[in-house]
Each structure stands twice: as structure tokens, then as C-alpha cells.
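Listing of model11.pdb, PDB, C-alpha atoms, pLDDT in the B column
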```
ATOM      1  CA  MET W   1     107.836 110.697 101.377  1.00 88.00           C
ATOM      2  CA  LEU W   2     107.828 112.697 104.592  1.00 96.00           C
ATOM      3  CA  ILE W   3     106.683 111.509 107.988  1.00 98.00           C
ATOM      4  CA  LYS W   4     106.102 114.513 110.232  1.00 98.00           C
ATOM      5  CA  ILE W   5     105.417 114.079 113.928  1.00 98.00           C
ATOM      6  CA  ILE W   6     103.907 117.106 115.619  1.00 98.00           C
ATOM      7  CA  CYS W   7     103.964 116.915 119.395  1.00 97.00           C
ATOM      8  CA  VAL W   8     103.145 119.182 122.261  1.00 96.00           C
ATOM      9  CA  GLY W   9     105.982 119.802 124.693  1.00 93.00           C
ATOM     10  CA  LYS W  10     109.669 119.047 124.804  1.00 93.00           C
ATOM     11  CA  ILE W  11     111.340 115.855 125.917  1.00 93.00           C
ATOM     12  CA  LYS W  12     113.092 116.526 129.188  1.00 91.00           C
ATOM     13  CA  GLU W  13     114.561 113.152 130.121  1.00 95.00           C
ATOM     14  CA  LYS W  14     117.809 112.142 128.423  1.00 97.00           C
ATOM     15  CA  PHE W  15     116.803 108.494 128.008  1.00 96.00           C
ATOM     16  CA  TYR W  16     113.716 109.522 126.000  1.00 97.00           C
ATOM     17  CA  ARG W  17     115.793 111.938 123.894  1.00 97.00           C
ATOM     18  CA  ASP W  18     118.331 109.174 123.224  1.00 97.00           C
ATOM     19  CA  ALA W  19     115.578 106.774 122.128  1.00 97.00           C
ATOM     20  CA  VAL W  20     114.040 109.407 119.828  1.00 97.00           C
ATOM     21  CA  LEU W  21     117.445 110.057 118.260  1.00 97.00           C
ATOM     22  CA  GLU W  22     118.085 106.335 117.785  1.00 97.00           C
ATOM     23  CA  TYR W  23     114.764 105.669 116.040  1.00 97.00           C
ATOM     24  CA  SER W  24     115.118 108.863 113.986  1.00 97.00           C
ATOM     25  CA  LYS W  25     118.506 107.619 112.779  1.00 97.00           C
ATOM     26  CA  ARG W  26     117.103 104.170 111.948  1.00 96.00           C
ATOM     27  CA  LEU W  27     114.162 105.677 110.078  1.00 97.00           C
ATOM     28  CA  SER W  28     116.454 107.821 107.912  1.00 97.00           C
ATOM     29  CA  ARG W  29     117.138 104.681 105.804  1.00 96.00           C
ATOM     30  CA  TYR W  30     113.470 104.557 104.790  1.00 97.00           C
ATOM     31  CA  THR W  31     111.930 108.019 104.795  1.00 97.00           C
ATOM     32  CA  LYS W  32     112.403 111.676 105.596  1.00 97.00           C
ATOM     33  CA  LEU W  33     111.387 112.371 109.185  1.00 98.00           C
ATOM     34  CA  GLU W  34     110.574 115.685 110.778  1.00 98.00           C
ATOM     35  CA  ILE W  35     109.729 116.116 114.448  1.00 98.00           C
ATOM     36  CA  VAL W  36     108.027 119.388 115.333  1.00 98.00           C
ATOM     37  CA  GLU W  37     107.623 120.380 118.975  1.00 97.00           C
ATOM     38  CA  CYS W  38     104.924 122.882 119.869  1.00 96.00           C
ATOM     39  CA  ALA W  39     104.981 124.716 123.186  1.00 94.00           C
ATOM     40  CA  ASP W  40     102.769 123.282 125.875  1.00 93.00           C
ATOM     41  CA  GLU W  41     100.632 125.275 128.270  1.00 92.00           C
ATOM     42  CA  LYS W  42     100.956 124.995 132.009  1.00 91.00           C
ATOM     43  CA  THR W  43      97.901 123.359 133.514  1.00 90.00           C
ATOM     44  CA  PRO W  44      97.262 124.301 137.136  1.00 89.00           C
ATOM     45  CA  ASP W  45      96.150 121.627 139.574  1.00 89.00           C
ATOM     46  CA  ASN W  46      92.356 121.359 139.787  1.00 90.00           C
ATOM     47  CA  ALA W  47      91.906 123.311 136.540  1.00 90.00           C
ATOM     48  CA  SER W  48      88.265 123.770 135.546  1.00 93.00           C
ATOM     49  CA  ASP W  49      86.867 122.068 132.447  1.00 93.00           C
ATOM     50  CA  GLU W  50      86.627 125.467 130.801  1.00 95.00           C
ATOM     51  CA  LEU W  51      90.303 126.235 131.466  1.00 95.00           C
ATOM     52  CA  CYS W  52      91.316 122.788 130.187  1.00 94.00           C
ATOM     53  CA  GLN W  53      89.402 123.434 126.944  1.00 95.00           C
ATOM     54  CA  GLN W  54      91.129 126.819 126.589  1.00 96.00           C
ATOM     55  CA  ILE W  55      94.534 125.207 127.094  1.00 96.00           C
ATOM     56  CA  LYS W  56      93.799 122.492 124.517  1.00 96.00           C
ATOM     57  CA  SER W  57      92.552 125.163 122.133  1.00 97.00           C
ATOM     58  CA  ARG W  58      95.775 127.216 122.426  1.00 96.00           C
ATOM     59  CA  GLU W  59      97.916 124.116 121.955  1.00 97.00           C
ATOM     60  CA  GLY W  60      95.674 123.102 119.050  1.00 97.00           C
ATOM     61  CA  GLU W  61      96.214 126.426 117.289  1.00 97.00           C
ATOM     62  CA  ARG W  62      99.975 125.840 117.445  1.00 97.00           C
ATOM     63  CA  ILE W  63      99.544 122.333 116.039  1.00 98.00           C
ATOM     64  CA  LEU W  64      97.256 123.463 113.227  1.00 98.00           C
ATOM     65  CA  GLY W  65      99.777 126.155 112.302  1.00 97.00           C
ATOM     66  CA  ARG W  66     102.255 123.379 111.458  1.00 98.00           C
ATOM     67  CA  ILE W  67      99.887 121.398 109.207  1.00 98.00           C
ATOM     68  CA  LYS W  68      99.684 122.141 105.485  1.00 96.00           C
ATOM     69  CA  ASP W  69      96.577 121.803 103.339  1.00 95.00           C
ATOM     70  CA  GLY W  70      97.704 118.666 101.498  1.00 95.00           C
ATOM     71  CA  ASP W  71      98.990 116.819 104.570  1.00 97.00           C
ATOM     72  CA  TYR W  72      97.354 113.544 105.565  1.00 98.00           C
ATOM     73  CA  VAL W  73      96.825 113.905 109.317  1.00 98.00           C
ATOM     74  CA  ILE W  74      96.611 111.067 111.821  1.00 98.00           C
ATOM     75  CA  ALA W  75      95.730 112.181 115.353  1.00 98.00           C
ATOM     76  CA  LEU W  76      96.763 109.912 118.198  1.00 97.00           C
ATOM     77  CA  ALA W  77      93.658 109.579 120.336  1.00 95.00           C
ATOM     78  CA  ILE W  78      92.526 107.009 122.845  1.00 92.00           C
ATOM     79  CA  ASP W  79      89.262 106.523 120.925  1.00 94.00           C
ATOM     80  CA  GLY W  80      91.025 106.027 117.594  1.00 96.00           C
ATOM     81  CA  ARG W  81      91.342 102.887 115.528  1.00 97.00           C
ATOM     82  CA  THR W  82      93.776 100.237 116.733  1.00 97.00           C
ATOM     83  CA  TYR W  83      95.999  98.193 114.441  1.00 96.00           C
ATOM     84  CA  SER W  84      98.376  95.295 114.765  1.00 95.00           C
ATOM     85  CA  SER W  85     101.925  96.172 113.694  1.00 94.00           C
ATOM     86  CA  GLU W  86     101.360  94.338 110.416  1.00 95.00           C
ATOM     87  CA  ALA W  87      98.064  96.120 109.753  1.00 97.00           C
ATOM     88  CA  LEU W  88      99.575  99.531 110.562  1.00 97.00           C
ATOM     89  CA  SER W  89     102.416  98.747 108.181  1.00 96.00           C
ATOM     90  CA  ASP W  90      99.935  97.845 105.454  1.00 97.00           C
ATOM     91  CA  HIS W  91      97.896 100.982 106.125  1.00 97.00           C
ATOM     92  CA  LEU W  92     100.941 103.287 105.917  1.00 97.00           C
ATOM     93  CA  ASP W  93     102.100 101.512 102.761  1.00 96.00           C
ATOM     94  CA  LYS W  94      98.689 102.026 101.134  1.00 97.00           C
ATOM     95  CA  LEU W  95      98.746 105.720 102.070  1.00 97.00           C
ATOM     96  CA  MET W  96     102.188 106.113 100.523  1.00 94.00           C
ATOM     97  CA  GLN W  97     101.277 104.118  97.410  1.00 94.00           C
ATOM     98  CA  GLY W  98      98.099 106.181  97.144  1.00 94.00           C
ATOM     99  CA  GLY W  99     100.116 109.354  96.689  1.00 92.00           C
ATOM    100  CA  LYS W 100     100.178 110.795 100.198  1.00 94.00           C
ATOM    101  CA  SER W 101     103.517 112.620 100.165  1.00 93.00           C
ATOM    102  CA  THR W 102     103.329 113.887 103.751  1.00 97.00           C
ATOM    103  CA  ILE W 103     101.840 111.911 106.615  1.00 98.00           C
ATOM    104  CA  VAL W 104     101.509 113.927 109.803  1.00 98.00           C
ATOM    105  CA  LEU W 105     101.055 112.162 113.137  1.00 98.00           C
ATOM    106  CA  VAL W 106      99.950 114.364 116.026  1.00 98.00           C
ATOM    107  CA  ILE W 107     100.602 113.725 119.722  1.00 97.00           C
ATOM    108  CA  GLY W 108      98.754 116.056 122.077  1.00 95.00           C
ATOM    109  CA  GLY W 109      99.809 117.358 125.440  1.00 92.00           C
ATOM    110  CA  SER W 110      98.766 116.109 128.849  1.00 89.00           C
ATOM    111  CA  LEU W 111      95.127 117.112 128.252  1.00 93.00           C
ATOM    112  CA  GLY W 112      94.891 115.591 124.785  1.00 93.00           C
ATOM    113  CA  LEU W 113      93.996 117.238 121.494  1.00 96.00           C
ATOM    114  CA  SER W 114      91.591 120.083 120.789  1.00 96.00           C
ATOM    115  CA  ARG W 115      88.356 119.562 118.902  1.00 96.00           C
ATOM    116  CA  ALA W 116      89.787 121.602 116.023  1.00 98.00           C
ATOM    117  CA  VAL W 117      92.796 119.305 115.634  1.00 98.00           C
ATOM    118  CA  LEU W 118      90.588 116.211 115.802  1.00 98.00           C
ATOM    119  CA  ALA W 119      88.287 117.748 113.183  1.00 98.00           C
ATOM    120  CA  ARG W 120      91.256 118.441 110.862  1.00 98.00           C
ATOM    121  CA  ALA W 121      92.564 114.890 111.209  1.00 98.00           C
ATOM    122  CA  ASN W 122      91.869 112.453 108.405  1.00 98.00           C
ATOM    123  CA  GLU W 123      91.778 109.656 110.972  1.00 98.00           C
ATOM    124  CA  LYS W 124      92.437 108.856 114.607  1.00 98.00           C
ATOM    125  CA  LEU W 125      94.890 106.191 115.759  1.00 98.00           C
ATOM    126  CA  SER W 126      95.011 104.541 119.177  1.00 97.00           C
ATOM    127  CA  PHE W 127      97.845 102.450 120.553  1.00 94.00           C
ATOM    128  CA  SER W 128      95.899 101.363 123.620  1.00 92.00           C
ATOM    129  CA  ALA W 129      93.074 102.229 125.949  1.00 90.00           C
ATOM    130  CA  LEU W 130      95.825 102.992 128.450  1.00 89.00           C
ATOM    131  CA  THR W 131      97.141 106.511 128.963  1.00 86.00           C
ATOM    132  CA  PHE W 132     100.846 107.043 128.230  1.00 88.00           C
ATOM    133  CA  PRO W 133     103.049 110.035 129.016  1.00 88.00           C
ATOM    134  CA  HIS W 134     103.310 112.024 125.784  1.00 86.00           C
ATOM    135  CA  GLN W 135     107.118 111.832 125.933  1.00 91.00           C
ATOM    136  CA  LEU W 136     107.007 108.027 126.020  1.00 95.00           C
ATOM    137  CA  MET W 137     104.340 108.010 123.311  1.00 95.00           C
ATOM    138  CA  ARG W 138     106.764 109.740 120.970  1.00 96.00           C
ATOM    139  CA  VAL W 139     109.238 106.875 121.423  1.00 97.00           C
ATOM    140  CA  ILE W 140     106.518 104.232 120.995  1.00 97.00           C
ATOM    141  CA  LEU W 141     105.244 105.937 117.843  1.00 97.00           C
ATOM    142  CA  LEU W 142     108.716 106.167 116.304  1.00 98.00           C
ATOM    143  CA  GLU W 143     109.396 102.512 117.091  1.00 97.00           C
ATOM    144  CA  GLN W 144     106.137 101.446 115.433  1.00 97.00           C
ATOM    145  CA  ILE W 145     106.841 103.560 112.340  1.00 97.00           C
ATOM    146  CA  TYR W 146     110.300 102.001 112.126  1.00 97.00           C
ATOM    147  CA  ARG W 147     108.789  98.530 112.535  1.00 97.00           C
ATOM    148  CA  ALA W 148     106.222  99.354 109.819  1.00 97.00           C
ATOM    149  CA  PHE W 149     108.948 100.255 107.339  1.00 97.00           C
ATOM    150  CA  ARG W 150     110.862  97.056 108.142  1.00 96.00           C
ATOM    151  CA  ILE W 151     107.693  95.062 107.463  1.00 96.00           C
ATOM    152  CA  ILE W 152     107.016  96.994 104.219  1.00 96.00           C
ATOM    153  CA  LYS W 153     110.556  96.240 103.007  1.00 95.00           C
ATOM    154  CA  GLY W 154     110.299  92.565 103.959  1.00 95.00           C
ATOM    155  CA  GLU W 155     113.082  92.903 106.504  1.00 94.00           C
ATOM    156  CA  PRO W 156     113.163  90.946 109.759  1.00 88.00           C
ATOM    157  CA  TYR W 157     111.618  92.515 112.834  1.00 80.00           C
ATOM    158  CA  HIS W 158     111.076  91.407 116.415  1.00 71.00           C
ATOM    159  CA  LYS W 159     107.717  89.713 116.939  1.00 61.00           C
TER     160      LYS W 159
END
```
Is it possible to express this structure as C-alpha cells?
Amino acid sequence: MLIKIICVGKIKEKFYRDAVLEYSKRLSRYTKLEIVECADEKTPDNASDELCQQIKSREGERILGRIKDGDYVIALAIDGRTYSSEALSDHLDKLMQGGKSTIVLVIGGSLGLSRAVLARANEKLSFSALTFPHQLMRVILLEQIYRAFRIIKGEPYHK
């Protein structure tokens, strides 16, 4: 089983990098984890809608280049389905038990994900109607995946 997280941009702040490393280490007990960073595009202030679409499209091409045909893709999107931690755990467990060998979770850049990436996704997942910095979202996602595996294994977790 491989969990692959594809994200746009690099993590600049040390405290985020430390948190990503910590959750990556914890997850290594349960699954293989791969984090793939795709280059982000600079978005000028007051960028037009057309320019924003072009930027998302270029970032989307980089993301799609990292997804294989058989991958099960979950795009993080504000309009996606929300789960409780227990329900997300159950969902991931069913995907794994159903033979999905690679689950790819995609975090877009500051403008979100391109239409092409959303069209390739098997489903969309939302953590909240709130907007989070994509660097923080990576930490939140890793923590929830770790929590899901603890629940799947029947191990204690913080409620």
C-alpha cells in the first residue's frame, strides 16, 4: 500500500517541515508514504481570471505528470465531501481492502486545482469550508491519515 501526496510548492517554514517529518515517520509503521512537490507558479497581485486559469493549468500539468493510470486520486477541494475522522478511516480502509494499491491525495497551490486535475480525480475531499494555507494543509492531511491508520488498527487516538 502506498499513500502518495502530491502538492504544489515547497514548505518554507521549519516548523511545518518538522511536523511533516514527524507524521511521515509515524506513518512509516503503517504504510509506504511518498510526498511529491511540484513547482508552483508565481501569481502577480491583481492577476486576471484568465491568468489565474493559466497558472492553475500549468500547475495541473505538473500534478497530472505524477499520477499513474491505476492510481486512485483524491483531490482536496473546498467543495469536496467531508468526513469525520472515523468515517475517513473507514473509507480509506475500504479503498485498501478493495485493492487500491496506490492512493494519491492532491493539494493544489494558492489558486486551487485545475479543471483537468479535478476531472482526473476519483473523488474530492474537503476538510472544511475554511481556506487553509497549502503548507498547513499538508500537515493537517498527514495527521488525519495517521489518525485513520490508528483507528483502522484499533489503536488509541486523541478524540
Sorted by chain and rising residue number, which residues of stretch 82-138 of chain W lie within 8 Å of stretch 35-53 of chain W, and what are their closest atom pairs and distances in Å to one decimal, counting all atoms listed in the file, as a tab-separated table?
```
residue	atom	partner	partner_atom	distance
W:Gly109	CA	W:Asp40	CA	6.6
W:Leu111	CA	W:Cys52	CA	7.1
W:Ser114	CA	W:Gln53	CA	7.3
```
So which residues get picked by the PyMOL selection byres ((chain W and resi 77) around 12) here, written as number ranges by chain? W: 74-76, 78-82, 105-115, 117-118, 121, 123-132, 134, 137
Between atom CA of W:Arg147 and atom CA of W:Tyr30, measure the distance and give it in Å to one decimal. 10.9 Å
Quick check, in Å to one decimal: how far apart do atom CA of W:His91 and atom CA of W:Leu2 lie?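 Separating atom CA of W:His91 from atom CA of W:Leu2 is a distance of 15.4 Å.
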Which one is closest to W:Val104: W:Leu33, W:Ile5, W:Ala148, W:Ile11? Count all atoms listed in the file.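 So, comparing all the options, the nearest one is W:Ile5.
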Return as AutoDock Vina command-line options the centre and edge lengths, in Å with one decimal, of the box along x, y and z that encloses every atom of stretch 128-147 of chain W in the file, padded by 6 Å per side.
```
--center_x 101.7 --center_y 105.3 --center_z 120.6 --size_x 29.2 --size_y 25.5 --size_z 28.9
```
Two-atom distance - atom CA of W:Leu95, atom CA of W:Asp18 (Å):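 These atoms are spaced 29.0 Å apart.
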Excluding W:Leu21 and residues on its chain fewer than 2 positions from it, collect all residues at most 12 Å away from it, counting all atoms listed in the file, and give them as a list in words.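 The contact residues come out as Ile11, Lys14, Phe15, Tyr16, Arg17, Asp18, Ala19, Tyr23, Ser24, Lys25, Arg26, Leu27, Ser28, Leu33, Glu34, Ile35, Arg138, Val139, Leu142 and Glu143 of chain W.
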From W:Glu59, W:Gly70, W:Gln144, W:Phe149, residue lying nearest W:Ser84 [all atoms listed in the file]: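 So, comparing all the options, the nearest one is W:Gln144.
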Which is closer to W:Lys100 than all the others in W:Ile55, W:Ala119, W:Ile145, W:Met1, using all atoms listed in the file?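 Using all atoms listed in the file, W:Lys100 sits closest to W:Met1.
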Starting from the shown file, work through the PyMOL selection byres ((chain W and resi 72) around 6) and note down what comes out as a PyMOL selection string. chain W and resi 71+73+103-104
Between W:Glu86, W:Lys10, W:Asp69, W:Ser57, which is the closest to W:Tyr157 once you count all atoms listed in the file? W:Glu86
Nearest to W:Ile152: which of W:Leu88, W:Ile63, W:Arg120, W:Ile140 is it, counting all atoms listed in the file?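 Of W:Leu88, W:Ile63, W:Arg120, W:Ile140, the one nearest W:Ile152, counting all atoms listed in the file, is W:Leu88.
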